[in-house]
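Visitor: This is the content of input33.cif (mmCIF, C-alpha atoms):
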data_final
loop_
_atom_site.group_PDB
_atom_site.id
_atom_site.type_symbol
_atom_site.label_atom_id
_atom_site.label_comp_id
_atom_site.auth_asym_id
_atom_site.auth_seq_id
_atom_site.Cartn_x
_atom_site.Cartn_y
_atom_site.Cartn_z
ATOM 1 C CA MET U 1 90.914 -82.556 60.486
ATOM 2 C CA SER U 2 88.017 -80.357 59.294
ATOM 3 C CA SER U 3 87.874 -78.795 55.827
ATOM 4 C CA PHE U 4 88.307 -75.357 57.401
ATOM 5 C CA SER U 5 91.399 -76.499 59.267
ATOM 6 C CA ASN U 6 92.785 -77.980 56.048
ATOM 7 C CA LEU U 7 92.205 -74.677 54.273
ATOM 8 C CA GLU U 8 93.963 -72.742 57.038
ATOM 9 C CA LYS U 9 96.942 -75.094 56.788
ATOM 10 C CA ASP U 10 97.055 -74.786 52.972
ATOM 11 C CA ILE U 11 96.988 -70.984 53.171
ATOM 12 C CA LYS U 12 99.763 -70.981 55.751
ATOM 13 C CA ASP U 13 101.895 -73.305 53.607
ATOM 14 C CA PHE U 14 101.281 -71.139 50.554
ATOM 15 C CA LYS U 15 102.339 -67.980 52.399
ATOM 16 C CA GLU U 16 105.552 -69.687 53.478
ATOM 17 C CA LEU U 17 106.195 -70.805 49.903
ATOM 18 C CA LEU U 18 105.782 -67.237 48.639
ATOM 19 C CA GLN U 19 108.238 -65.934 51.236
ATOM 20 C CA ILE U 20 111.015 -68.315 50.279
ATOM 21 C CA SER U 21 110.498 -68.315 46.515
ATOM 22 C CA SER U 22 111.970 -65.737 44.156
ATOM 23 C CA ASP U 23 111.725 -67.643 40.875
ATOM 24 C CA GLU U 24 109.317 -65.954 38.437
ATOM 25 C CA SER U 25 109.022 -69.215 36.533
ATOM 26 C CA GLU U 26 106.868 -70.527 39.381
ATOM 27 C CA ILE U 27 104.153 -67.918 38.829
ATOM 28 C CA ASN U 28 101.953 -70.399 36.938
ATOM 29 C CA GLU U 29 102.175 -72.801 39.840
ATOM 30 C CA PHE U 30 101.249 -69.990 42.230
ATOM 31 C CA GLU U 31 98.193 -69.189 40.112
ATOM 32 C CA LYS U 32 97.113 -72.843 40.180
ATOM 33 C CA GLU U 33 97.513 -72.914 43.949
ATOM 34 C CA ILE U 34 95.453 -69.742 44.342
ATOM 35 C CA THR U 35 92.712 -71.208 42.128
ATOM 36 C CA SER U 36 92.698 -74.354 44.257
ATOM 37 C CA LEU U 37 92.457 -72.334 47.472
ATOM 38 C CA GLU U 38 89.591 -70.270 46.056
ATOM 39 C CA LYS U 39 87.713 -73.444 45.112
ATOM 40 C CA ASN U 40 88.217 -74.940 48.564
ATOM 41 C CA LEU U 41 86.965 -71.734 50.155
ATOM 42 C CA SER U 42 83.911 -71.740 47.863
ATOM 43 C CA ASP U 43 83.168 -75.357 48.813
ATOM 44 C CA ILE U 44 83.310 -74.464 52.519
ATOM 45 C CA GLU U 45 81.035 -71.453 52.015
ATOM 46 C CA ASN U 46 78.571 -73.630 50.094
ATOM 47 C CA GLU U 47 78.618 -76.301 52.809
ATOM 48 C CA ALA U 48 77.767 -73.640 55.387
ATOM 49 C CA LEU U 49 74.456 -73.037 53.606
ATOM 50 C CA PHE U 50 73.165 -76.424 54.787
ATOM 51 C CA PHE U 51 72.457 -76.046 58.490
ATOM 52 C CA GLY U 52 68.769 -76.922 58.854
ATOM 53 C CA GLU U 53 67.545 -79.851 60.929
ATOM 54 C CA TYR U 54 66.006 -81.552 57.887
ATOM 55 C CA ASP U 55 68.316 -80.297 55.136
ATOM 56 C CA ASP U 56 69.900 -83.671 54.356
ATOM 57 C CA LEU U 57 66.592 -85.552 54.016
ATOM 58 C CA SER U 58 64.551 -86.661 51.048
ATOM 59 C CA ALA U 59 61.430 -84.639 50.346
ATOM 60 C CA MET U 60 57.891 -84.612 49.050
ATOM 61 C CA LEU U 61 57.011 -81.793 46.645
ATOM 62 C CA THR U 62 53.304 -81.157 46.028
ATOM 63 C CA ILE U 63 51.784 -78.778 43.472
ATOM 64 C CA ASN U 64 48.157 -77.648 43.794
ATOM 65 C CA ALA U 65 46.329 -75.497 41.248
ATOM 66 C CA GLY U 66 45.020 -72.293 42.823
ATOM 67 C CA ALA U 67 42.863 -69.433 41.590
ATOM 68 C CA GLY U 68 42.495 -69.110 37.843
ATOM 69 C CA GLY U 69 40.295 -71.978 36.666
ATOM 70 C CA VAL U 70 41.596 -73.950 33.689
ATOM 71 C CA ASP U 71 44.576 -71.587 33.423
ATOM 72 C CA ALA U 72 45.581 -72.526 36.971
ATOM 73 C CA HIS U 73 45.342 -76.227 36.090
ATOM 74 C CA ASP U 74 47.556 -75.608 33.080
ATOM 75 C CA TRP U 75 49.962 -73.581 35.237
ATOM 76 C CA ALA U 76 50.196 -76.433 37.756
ATOM 77 C CA GLU U 77 51.132 -78.786 34.926
ATOM 78 C CA MET U 78 53.760 -76.305 33.668
ATOM 79 C CA LEU U 79 55.312 -76.267 37.148
ATOM 80 C CA TYR U 80 55.198 -80.076 37.235
ATOM 81 C CA ARG U 81 57.132 -80.119 33.950
ATOM 82 C CA MET U 82 59.608 -77.512 35.280
ATOM 83 C CA TYR U 83 60.388 -79.471 38.446
ATOM 84 C CA SER U 84 60.540 -82.811 36.611
ATOM 85 C CA ARG U 85 63.113 -81.364 34.237
ATOM 86 C CA PHE U 86 65.130 -79.819 37.052
ATOM 87 C CA LEU U 87 65.195 -83.076 38.994
ATOM 88 C CA SER U 88 66.158 -85.118 35.929
ATOM 89 C CA GLN U 89 68.868 -82.667 34.862
ATOM 90 C CA ASN U 90 70.398 -82.792 38.344
ATOM 91 C CA GLU U 91 70.084 -86.584 38.690
ATOM 92 C CA LEU U 92 67.746 -86.369 41.670
ATOM 93 C CA ASN U 93 65.678 -89.556 41.910
ATOM 94 C CA PHE U 94 61.952 -88.891 41.957
ATOM 95 C CA GLN U 95 58.658 -90.655 41.528
ATOM 96 C CA VAL U 96 55.080 -89.463 41.162
ATOM 97 C CA GLU U 97 53.168 -90.471 44.278
ATOM 98 C CA GLU U 98 49.781 -89.105 43.220
ATOM 99 C CA ILE U 99 48.362 -87.015 40.397
ATOM 100 C CA SER U 100 44.906 -85.598 39.705
ATOM 101 C CA GLN U 101 44.033 -84.471 36.192
ATOM 102 C CA GLY U 102 42.082 -81.295 35.421
ATOM 103 C CA GLU U 103 38.706 -81.606 33.706
ATOM 104 C CA GLU U 104 39.591 -79.522 30.623
ATOM 105 C CA ALA U 105 43.393 -79.325 30.705
ATOM 106 C CA GLY U 106 46.371 -79.494 33.014
ATOM 107 C CA ILE U 107 46.324 -80.998 36.489
ATOM 108 C CA LYS U 108 44.652 -80.207 39.771
ATOM 109 C CA SER U 109 47.526 -81.551 41.848
ATOM 110 C CA VAL U 110 50.602 -83.765 41.810
ATOM 111 C CA SER U 111 52.965 -85.059 44.487
ATOM 112 C CA LEU U 112 56.585 -85.948 43.719
ATOM 113 C CA ARG U 113 58.654 -88.041 46.102
ATOM 114 C CA VAL U 114 62.332 -87.054 45.766
ATOM 115 C CA ASP U 115 64.670 -89.635 47.272
ATOM 116 C CA SER U 116 68.031 -87.896 47.190
ATOM 117 C CA TYR U 117 70.561 -86.495 49.632
ATOM 118 C CA ARG U 118 69.640 -82.929 50.577
ATOM 119 C CA ALA U 119 66.485 -83.015 48.485
ATOM 120 C CA TYR U 120 64.648 -81.010 51.146
ATOM 121 C CA ALA U 121 67.242 -78.235 51.330
ATOM 122 C CA THR U 122 67.376 -78.141 47.533
ATOM 123 C CA LEU U 123 63.616 -77.771 47.133
ATOM 124 C CA GLU U 124 62.680 -75.768 50.234
ATOM 125 C CA SER U 125 63.012 -72.564 48.213
ATOM 126 C CA GLU U 126 59.990 -73.592 46.137
ATOM 127 C CA ARG U 127 57.475 -73.663 48.996
ATOM 128 C CA GLY U 128 54.835 -70.978 48.537
ATOM 129 C CA VAL U 129 52.556 -69.446 45.933
ATOM 130 C CA HIS U 130 53.753 -69.179 42.322
ATOM 131 C CA ARG U 131 52.064 -66.580 40.091
ATOM 132 C CA LEU U 132 51.800 -66.687 36.292
ATOM 133 C CA VAL U 133 50.865 -63.740 34.052
ATOM 134 C CA ARG U 134 50.317 -64.454 30.349
ATOM 135 C CA ILE U 135 47.934 -64.282 27.407
ATOM 136 C CA SER U 136 45.644 -67.193 28.133
ATOM 137 C CA PRO U 137 45.618 -69.918 25.458
ATOM 138 C CA PHE U 138 42.119 -70.765 26.700
ATOM 139 C CA ASP U 139 40.694 -67.267 26.114
ATOM 140 C CA SER U 140 39.354 -66.742 22.579
ATOM 141 C CA ASN U 141 39.695 -62.966 23.090
ATOM 142 C CA LYS U 142 43.425 -63.346 23.849
ATOM 143 C CA ARG U 143 43.254 -61.441 27.110
ATOM 144 C CA ARG U 144 45.949 -61.427 29.748
ATOM 145 C CA HIS U 145 45.210 -63.715 32.709
ATOM 146 C CA THR U 146 46.801 -64.196 36.116
ATOM 147 C CA SER U 147 46.771 -67.660 37.651
ATOM 148 C CA PHE U 148 48.233 -69.209 40.767
ATOM 149 C CA ALA U 149 49.578 -72.522 41.990
ATOM 150 C CA GLY U 150 50.714 -73.502 45.453
ATOM 151 C CA VAL U 151 53.848 -75.567 46.026
ATOM 152 C CA ASP U 152 54.465 -77.375 49.289
ATOM 153 C CA VAL U 153 57.699 -79.138 50.236
ATOM 154 C CA ILE U 154 58.090 -81.312 53.321
ATOM 155 C CA PRO U 155 61.019 -83.421 54.512
ATOM 156 C CA LEU U 156 60.513 -87.178 54.669
ATOM 157 C CA ILE U 157 61.365 -87.839 58.296
ATOM 158 C CA GLU U 158 62.499 -91.406 58.858
ATOM 159 C CA ASN U 159 62.554 -91.455 62.663
ATOM 160 C CA ASN U 160 58.879 -90.683 63.170
ATOM 161 C CA ASN U 161 57.996 -93.624 65.412
ATOM 162 C CA ASP U 162 56.890 -91.275 68.182
ATOM 163 C CA ILE U 163 53.832 -90.446 66.057
ATOM 164 C CA GLU U 164 51.179 -93.053 66.787
ATOM 165 C CA ILE U 165 48.305 -93.610 64.360
ATOM 166 C CA THR U 166 45.433 -96.062 64.701
ATOM 167 C CA ASP U 167 42.898 -97.107 62.069
ATOM 168 C CA GLU U 168 40.228 -95.261 64.063
ATOM 169 C CA ASP U 169 42.126 -92.007 63.398
ATOM 170 C CA LEU U 170 41.891 -92.438 59.628
ATOM 171 C CA ARG U 171 39.512 -92.510 56.716
ATOM 172 C CA ILE U 172 41.007 -94.612 53.940
ATOM 173 C CA ASP U 173 39.668 -94.347 50.379
ATOM 174 C CA VAL U 174 40.769 -96.601 47.527
ATOM 175 C CA TYR U 175 40.403 -95.360 43.959
ATOM 176 C CA ARG U 176 41.630 -95.913 40.433
ATOM 177 C CA SER U 177 44.782 -93.928 39.644
ATOM 178 C CA SER U 178 45.013 -91.356 36.864
ATOM 179 C CA GLY U 179 48.727 -91.319 36.115
ATOM 180 C CA ALA U 180 50.247 -88.943 33.603
ATOM 181 C CA GLY U 181 52.331 -91.721 32.090
ATOM 182 C CA GLY U 182 56.083 -91.807 31.593
ATOM 183 C CA GLN U 183 58.899 -93.553 33.375
ATOM 184 C CA HIS U 184 58.166 -91.947 36.738
ATOM 185 C CA VAL U 185 54.577 -93.186 37.036
ATOM 186 C CA ASN U 186 53.425 -96.715 37.805
ATOM 187 C CA THR U 187 49.773 -96.968 36.822
ATOM 188 C CA THR U 188 47.766 -98.840 39.446
ATOM 189 C CA ASP U 189 44.185 -99.727 40.256
ATOM 190 C CA SER U 190 44.951 -99.583 43.972
ATOM 191 C CA ALA U 191 45.622 -95.921 44.689
ATOM 192 C CA VAL U 192 45.067 -94.940 48.330
ATOM 193 C CA ARG U 193 43.975 -91.649 49.860
ATOM 194 C CA ILE U 194 44.173 -91.276 53.648
ATOM 195 C CA THR U 195 42.507 -88.530 55.676
ATOM 196 C CA HIS U 196 43.596 -87.927 59.277
ATOM 197 C CA LEU U 197 40.259 -87.196 60.909
ATOM 198 C CA GLU U 198 41.496 -85.016 63.777
ATOM 199 C CA THR U 199 43.648 -82.632 61.719
ATOM 200 C CA GLY U 200 42.076 -82.995 58.258
ATOM 201 C CA ILE U 201 45.478 -83.707 56.724
ATOM 202 C CA VAL U 202 45.124 -85.677 53.481
ATOM 203 C CA VAL U 203 47.824 -87.783 51.824
ATOM 204 C CA ALA U 204 47.641 -90.043 48.796
ATOM 205 C CA CYS U 205 49.807 -92.545 46.979
ATOM 206 C CA GLN U 206 49.433 -94.383 43.682
ATOM 207 C CA ALA U 207 53.091 -95.126 42.958
ATOM 208 C CA GLU U 208 52.969 -98.827 43.810
ATOM 209 C CA ARG U 209 50.946 -101.627 42.238
ATOM 210 C CA SER U 210 49.889 -103.030 45.605
ATOM 211 C CA GLN U 211 47.171 -101.357 47.659
ATOM 212 C CA LEU U 212 49.015 -102.335 50.845
ATOM 213 C CA GLN U 213 52.289 -100.789 49.623
ATOM 214 C CA ASN U 214 50.481 -97.585 48.692
ATOM 215 C CA LYS U 215 48.817 -97.507 52.113
ATOM 216 C CA ASN U 216 52.143 -97.976 53.922
ATOM 217 C CA ARG U 217 53.826 -95.210 51.892
ATOM 218 C CA ALA U 218 50.913 -92.874 52.501
ATOM 219 C CA ILE U 219 51.018 -93.535 56.252
ATOM 220 C CA GLU U 220 54.754 -92.773 56.365
ATOM 221 C CA LEU U 221 54.084 -89.479 54.614
ATOM 222 C CA LEU U 222 51.218 -88.751 56.990
ATOM 223 C CA LYS U 223 53.501 -89.366 59.979
ATOM 224 C CA SER U 224 56.011 -86.855 58.597
ATOM 225 C CA LYS U 225 53.265 -84.271 58.133
ATOM 226 C CA LEU U 226 51.901 -84.857 61.627
ATOM 227 C CA LEU U 227 55.362 -84.553 63.147
ATOM 228 C CA LEU U 228 55.931 -81.274 61.306
ATOM 229 C CA LYS U 229 52.518 -80.002 62.422
ATOM 230 C CA LYS U 230 53.350 -80.871 66.020
ATOM 231 C CA ARG U 231 56.591 -78.893 65.816
ATOM 232 C CA ASP U 232 54.882 -76.004 63.998
ATOM 233 C CA ASP U 233 52.250 -75.831 66.758
ATOM 234 C CA GLU U 234 55.006 -75.665 69.347
ATOM 235 C CA LEU U 235 56.701 -72.842 67.438
ATOM 236 C CA LYS U 236 53.409 -70.935 67.188
ATOM 237 C CA LYS U 237 53.046 -71.106 70.958
ATOM 238 C CA LEU U 238 56.548 -69.633 71.287
ATOM 239 C CA ASP U 239 55.641 -66.921 68.758
ATOM 240 C CA GLU U 240 52.625 -65.936 70.855
ATOM 241 C CA ILE U 241 54.932 -65.460 73.826
ATOM 242 C CA ARG U 242 57.573 -63.557 71.809
ATOM 243 C CA GLY U 243 55.128 -61.462 69.777
ATOM 244 C CA ASP U 244 54.711 -61.141 66.015
ATOM 245 C CA GLN U 245 57.293 -62.951 63.928
ATOM 246 C CA HIS U 246 58.050 -62.780 60.216
ATOM 247 C CA GLU U 247 56.030 -65.440 58.402
ATOM 248 C CA ALA U 248 57.891 -67.152 55.586
ATOM 249 C CA GLY U 249 55.754 -70.205 55.022
ATOM 250 C CA TRP U 250 52.852 -71.400 52.977
ATOM 251 C CA GLY U 251 50.435 -68.863 51.459
ATOM 252 C CA ARG U 252 53.027 -66.241 50.658
ATOM 253 C CA GLN U 253 53.539 -65.229 47.033
ATOM 254 C CA ILE U 254 57.185 -66.026 46.504
ATOM 255 C CA ARG U 255 57.702 -65.877 42.760
ATOM 256 C CA SER U 256 56.095 -64.314 39.688
ATOM 257 C CA TYR U 257 56.499 -65.610 36.136
ATOM 258 C CA VAL U 258 55.495 -62.901 33.656
ATOM 259 C CA LEU U 259 55.186 -63.797 29.953
ATOM 260 C CA GLN U 260 53.217 -60.693 28.884
ATOM 261 C CA PRO U 261 53.560 -57.718 28.575
ATOM 262 C CA TYR U 262 57.256 -58.365 29.286
ATOM 263 C CA GLN U 263 59.390 -61.411 30.076
ATOM 264 C CA GLN U 264 60.631 -61.883 33.619
ATOM 265 C CA VAL U 265 60.750 -64.302 36.525
ATOM 266 C CA LYS U 266 61.235 -62.564 39.868
ATOM 267 C CA ASP U 267 61.522 -63.989 43.368
ATOM 268 C CA SER U 268 60.048 -61.528 45.854
ATOM 269 C CA ARG U 269 62.161 -62.766 48.790
ATOM 270 C CA MET U 270 65.679 -62.337 47.421
ATOM 271 C CA GLY U 271 64.857 -60.021 44.513
ATOM 272 C CA THR U 272 66.425 -62.477 42.060
ATOM 273 C CA GLU U 273 65.340 -61.707 38.483
ATOM 274 C CA ILE U 274 65.707 -63.752 35.287
ATOM 275 C CA GLY U 275 64.739 -62.422 31.844
ATOM 276 C CA ASN U 276 64.769 -65.764 30.053
ATOM 277 C CA VAL U 277 61.463 -67.151 31.303
ATOM 278 C CA GLN U 278 61.532 -70.172 28.998
ATOM 279 C CA SER U 279 64.846 -71.387 30.407
ATOM 280 C CA VAL U 280 63.340 -71.272 33.908
ATOM 281 C CA LEU U 281 60.235 -73.175 32.779
ATOM 282 C CA ASP U 282 62.595 -75.701 31.191
ATOM 283 C CA GLY U 283 64.054 -76.462 34.616
ATOM 284 C CA GLU U 284 66.829 -73.878 35.035
ATOM 285 C CA ILE U 285 65.951 -72.878 38.604
ATOM 286 C CA SER U 286 69.324 -73.417 40.288
ATOM 287 C CA ILE U 287 69.941 -69.660 40.641
ATOM 288 C CA PHE U 288 66.760 -69.280 42.702
ATOM 289 C CA ILE U 289 67.681 -72.258 44.879
ATOM 290 C CA GLN U 290 71.225 -71.019 45.505
ATOM 291 C CA ASP U 291 70.118 -67.444 46.221
ATOM 292 C CA TYR U 292 67.440 -68.744 48.590
ATOM 293 C CA LEU U 293 69.979 -70.781 50.567
ATOM 294 C CA LYS U 294 72.160 -67.666 50.908
ATOM 295 C CA TRP U 295 69.121 -65.558 51.864
ATOM 296 C CA ARG U 296 68.097 -68.158 54.435
ATOM 297 C CA ARG U 297 71.599 -68.163 55.917
ATOM 298 C CA GLN U 298 71.623 -64.367 56.079
ATOM 299 C CA GLY U 299 68.305 -64.450 57.923
ATOM 300 C CA LEU U 300 69.890 -66.707 60.527
ATOM 301 C CA ASN U 301 72.678 -64.173 61.078
ATOM 302 C CA ASP U 302 70.445 -61.083 61.218
#
Produce structure tokens that represent the structure in this file.

Guide:
Amino acid sequence: MSSFSNLEKDIKDFKELLQISSDESEINEFEKEITSLEKNLSDIENEALFFGEYDDLSAMLTINAGAGGVDAHDWAEMLYRMYSRFLSQNELNFQVEEISQGEEAGIKSVSLRVDSYRAYATLESERGVHRLVRISPFDSNKRRHTSFAGVDVIPLIENNNDIEITDEDLRIDVYRSSGAGGQHVNTTDSAVRITHLETGIVVACQAERSQLQNKNRAIELLKSKLLLKKRDDELKKLDEIRGDQHEAGWGRQIRSYVLQPYQQVKDSRMGTEIGNVQSVLDGEISIFIQDYLKWRRQGLND
């Protein structure tokens, strides 16, 4: 019997109990039953938020520094810290696949592999451009700077055997890793970067100690990206037939983090606002994730 059917049965039983009961001493029990029904209803509503084809899958989250020079590199590292804290606090298993340090400070890019149930649905809200406004710690004149970082999230698709790749399709570069240290990084001298020559898609892995293991992991990630590109291309062809469609993907500024002249984090899609910026940067992003899932569901119904 489904959860919804169970809830319907529980409500019906509760109504019958109310009709035959006249003892005021049972009010506390009624209140407990109502609380239980409300929780069950909330659980069903929450479950309804997960409807996407890839929602249940693990994911790869990649952060790339954008415009803003050294401030953007620092901003990318701040986001890396924010997501690492969120994942750790919520017991989501993750590992750094590849990281590239900035010349002066921060990082140019980092990729996190998140192997957890519904990792993709949990992190999909983060895909897009993240904007930071603050007094730059790298500006001796203490001027306000705006910097950007791009976050990409893709599902790790296991059944991707229909994507065929040959060595002739690839350029494979081996290099020395530059891990950030810590329990989620395995330093290796056999990091691998793979470029798919036809599409220009680049993937990299330095998580394993073996060059072969890193190559195999990178190829699996490449297959997922190629499969997603294939499906995106098919959707674009449909869009051309249907006309202009609302674009909600990469390249769209989704969230602003303002430290000066006021304190606020605002998501431009749902309008969600948080005044405590530091708590968000410390990994408290669940409100944005939950509001995004509701917003996504509403978009399906509109």

Visitor: Let me know the residues the PyMOL selection byres ((chain U and resi 142-148) around 6) catches in the file above, as a list of chain:residue names.

Guide: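 That selection, the PyMOL selection byres ((chain U and resi 142-148) around 6), comes back as U:Gly66, U:Ala67, U:Gly68, U:Ala72, U:His130, U:Arg131, U:Leu132, U:Val133, U:Arg134, U:Ile135, U:Ser136, U:Asp139, U:Ser140, U:Asn141, U:Ala149.
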
Visitor: For CA of Glu104 in chain U and CA of Glu77 in chain U, quote the distance in Å rounded to one decimal.

Guide: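 Straight-line distance from CA of Glu104 in chain U to CA of Glu77 in chain U works out to 12.3 Å.
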
Visitor: Calculated over all atoms listed in the file, which of the candidates U:Glu234, U:Glu164, U:Leu61, U:Ala191 has the smallest distance to Ala119 in chain U?

Guide: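 Of U:Glu234, U:Glu164, U:Leu61, U:Ala191, the one nearest Ala119 in chain U is U:Leu61, counting all atoms listed in the file.
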
Visitor: Suppose you want the space between CA of Arg296 in chain U and CA of Val151 in chain U; what is it in Å?

Guide: 18.1 Å

Visitor: Go ahead and compute the interatomic distance for CA of Glu53 in chain U and CA of Ser125 in chain U, in Å to one decimal.

Guide: 15.3 Å

Visitor: I need the output of the PyMOL selection byres ((chain U and resi 93) around 8) for this file as a PyMOL selection string; which residues are they?

Guide: chain U and resi 87-88+91-92+94-95+114-116

Visitor: Tell me which of U:Pro155, U:Gly283, U:Gly271, U:Gly102 sits closest to Trp295 in chain U, counting only C-alpha atoms.

Guide: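 The answer is U:Gly271, which sits nearest to Trp295 in chain U.
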
Visitor: Write out as a PDB file with C-alpha atoms, keeping the file's coordinate frame the residues lying within 8 Å of Arg255 in chain U, counting only C-alpha atoms and excluding same-chain residues fewer than 3 positions away.

Guide:
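The resulting file, around_26.pdb, is reproduced below:
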ATOM      1  CA  VAL U 129      52.556 -69.446  45.933  1.00  0.00           C
ATOM      2  CA  HIS U 130      53.753 -69.179  42.322  1.00  0.00           C
ATOM      3  CA  ARG U 131      52.064 -66.580  40.091  1.00  0.00           C
ATOM      4  CA  VAL U 265      60.750 -64.302  36.525  1.00  0.00           C
ATOM      5  CA  LYS U 266      61.235 -62.564  39.868  1.00  0.00           C
ATOM      6  CA  ASP U 267      61.522 -63.989  43.368  1.00  0.00           C
ATOM      7  CA  SER U 268      60.048 -61.528  45.854  1.00  0.00           C
TER       8      SER U 268
END

Visitor: Here's the selection I'm unsure about, the PyMOL selection byres ((chain U and resi 218) around 9); applied to the file above, which residues does it give, as a tab-separated table (two decimals) with C-alpha atoms, in the coordinates of the input?

Guide:
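For reference, selection_18.tsv as written:
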chain	number	residue	atom	x	y	z
U	97	GLU	CA	53.17	-90.47	44.28
U	192	VAL	CA	45.07	-94.94	48.33
U	193	ARG	CA	43.98	-91.65	49.86
U	194	ILE	CA	44.17	-91.28	53.65
U	203	VAL	CA	47.82	-87.78	51.82
U	204	ALA	CA	47.64	-90.04	48.80
U	205	CYS	CA	49.81	-92.54	46.98
U	213	GLN	CA	52.29	-100.79	49.62
U	214	ASN	CA	50.48	-97.58	48.69
U	215	LYS	CA	48.82	-97.51	52.11
U	216	ASN	CA	52.14	-97.98	53.92
U	217	ARG	CA	53.83	-95.21	51.89
U	219	ILE	CA	51.02	-93.54	56.25
U	220	GLU	CA	54.75	-92.77	56.36
U	221	LEU	CA	54.08	-89.48	54.61
U	222	LEU	CA	51.22	-88.75	56.99
U	223	LYS	CA	53.50	-89.37	59.98

Visitor: Fewer than 4 positions away in the same chain doesn't count, so skip those; otherwise give me all residues within 10 Å of range 297-299 of chain U, counting all atoms listed in the file, as a PyMOL selection string.

Guide: chain U and resi 48-52+291-293

Visitor: Name the closest residue to Arg127 in chain U among the candidates U:Ile154, U:Val202, U:Ile274, U:Ala207; distances are taken between atoms, counting all atoms listed in the file.

Guide: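 Closest to Arg127 in chain U, using all atoms listed in the file: U:Ile154.
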
Visitor: Quick one: of U:Ile34, U:Val280, U:Leu156, U:Ile201, who's nearest to Arg81 in chain U, counting all atoms listed in the file?

Guide: U:Val280

Visitor: If we count all atoms listed in the file, what is near Val153 in chain U at a cut-off of 8 Å, once residues fewer than 3 positions away on the same chain are taken out, given as a list of chain:residue names?

Guide: U:Ala59, U:Met60, U:Leu61, U:Thr62, U:Tyr120, U:Leu123, U:Glu124, U:Glu126, U:Arg127

Visitor: Would you mind putting N, CA and C atoms back on range 59-73 of chain U and writing the result as a PDB file, in the coordinates of the input?

Guide:
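Saved file result.pdb follows:
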ATOM      1  N   ALA U  59      62.532 -85.588  50.216  1.00  0.00           N
ATOM      2  CA  ALA U  59      61.430 -84.639  50.346  1.00  0.00           C
ATOM      3  C   ALA U  59      60.235 -85.061  49.499  1.00  0.00           C
ATOM      4  N   MET U  60      59.092 -84.487  49.851  1.00  0.00           N
ATOM      5  CA  MET U  60      57.891 -84.612  49.050  1.00  0.00           C
ATOM      6  C   MET U  60      57.509 -83.223  48.555  1.00  0.00           C
ATOM      7  N   LEU U  61      57.407 -83.061  47.245  1.00  0.00           N
ATOM      8  CA  LEU U  61      57.011 -81.793  46.645  1.00  0.00           C
ATOM      9  C   LEU U  61      55.612 -81.954  46.067  1.00  0.00           C
ATOM     10  N   THR U  62      54.688 -81.081  46.478  1.00  0.00           N
ATOM     11  CA  THR U  62      53.304 -81.157  46.028  1.00  0.00           C
ATOM     12  C   THR U  62      52.905 -79.846  45.367  1.00  0.00           C
ATOM     13  N   ILE U  63      52.275 -79.945  44.209  1.00  0.00           N
ATOM     14  CA  ILE U  63      51.784 -78.778  43.472  1.00  0.00           C
ATOM     15  C   ILE U  63      50.264 -78.840  43.460  1.00  0.00           C
ATOM     16  N   ASN U  64      49.613 -77.740  43.834  1.00  0.00           N
ATOM     17  CA  ASN U  64      48.157 -77.648  43.794  1.00  0.00           C
ATOM     18  C   ASN U  64      47.745 -76.423  42.981  1.00  0.00           C
ATOM     19  N   ALA U  65      46.855 -76.622  42.010  1.00  0.00           N
ATOM     20  CA  ALA U  65      46.329 -75.497  41.248  1.00  0.00           C
ATOM     21  C   ALA U  65      45.551 -74.579  42.178  1.00  0.00           C
ATOM     22  N   GLY U  66      45.728 -73.262  41.995  1.00  0.00           N
ATOM     23  CA  GLY U  66      45.020 -72.293  42.823  1.00  0.00           C
ATOM     24  C   GLY U  66      43.979 -71.547  42.020  1.00  0.00           C
ATOM     25  N   ALA U  67      43.854 -70.245  42.286  1.00  0.00           N
ATOM     26  CA  ALA U  67      42.863 -69.433  41.590  1.00  0.00           C
ATOM     27  C   ALA U  67      43.248 -69.281  40.128  1.00  0.00           C
ATOM     28  N   GLY U  68      42.223 -69.306  39.263  1.00  0.00           N
ATOM     29  CA  GLY U  68      42.495 -69.110  37.843  1.00  0.00           C
ATOM     30  C   GLY U  68      41.838 -70.124  36.934  1.00  0.00           C
ATOM     31  N   GLY U  69      41.032 -71.036  37.491  1.00  0.00           N
ATOM     32  CA  GLY U  69      40.295 -71.978  36.666  1.00  0.00           C
ATOM     33  C   GLY U  69      41.187 -72.875  35.840  1.00  0.00           C
ATOM     34  N   VAL U  70      40.844 -73.053  34.559  1.00  0.00           N
ATOM     35  CA  VAL U  70      41.596 -73.950  33.689  1.00  0.00           C
ATOM     36  C   VAL U  70      43.021 -73.450  33.490  1.00  0.00           C
ATOM     37  N   ASP U  71      43.221 -72.131  33.532  1.00  0.00           N
ATOM     38  CA  ASP U  71      44.576 -71.587  33.423  1.00  0.00           C
ATOM     39  C   ASP U  71      45.434 -72.028  34.603  1.00  0.00           C
ATOM     40  N   ALA U  72      44.835 -72.088  35.781  1.00  0.00           N
ATOM     41  CA  ALA U  72      45.581 -72.526  36.971  1.00  0.00           C
ATOM     42  C   ALA U  72      45.935 -73.999  36.859  1.00  0.00           C
ATOM     43  N   HIS U  73      45.036 -74.808  36.304  1.00  0.00           N
ATOM     44  CA  HIS U  73      45.342 -76.227  36.090  1.00  0.00           C
ATOM     45  C   HIS U  73      46.499 -76.378  35.109  1.00  0.00           C
TER      46      HIS U  73
END
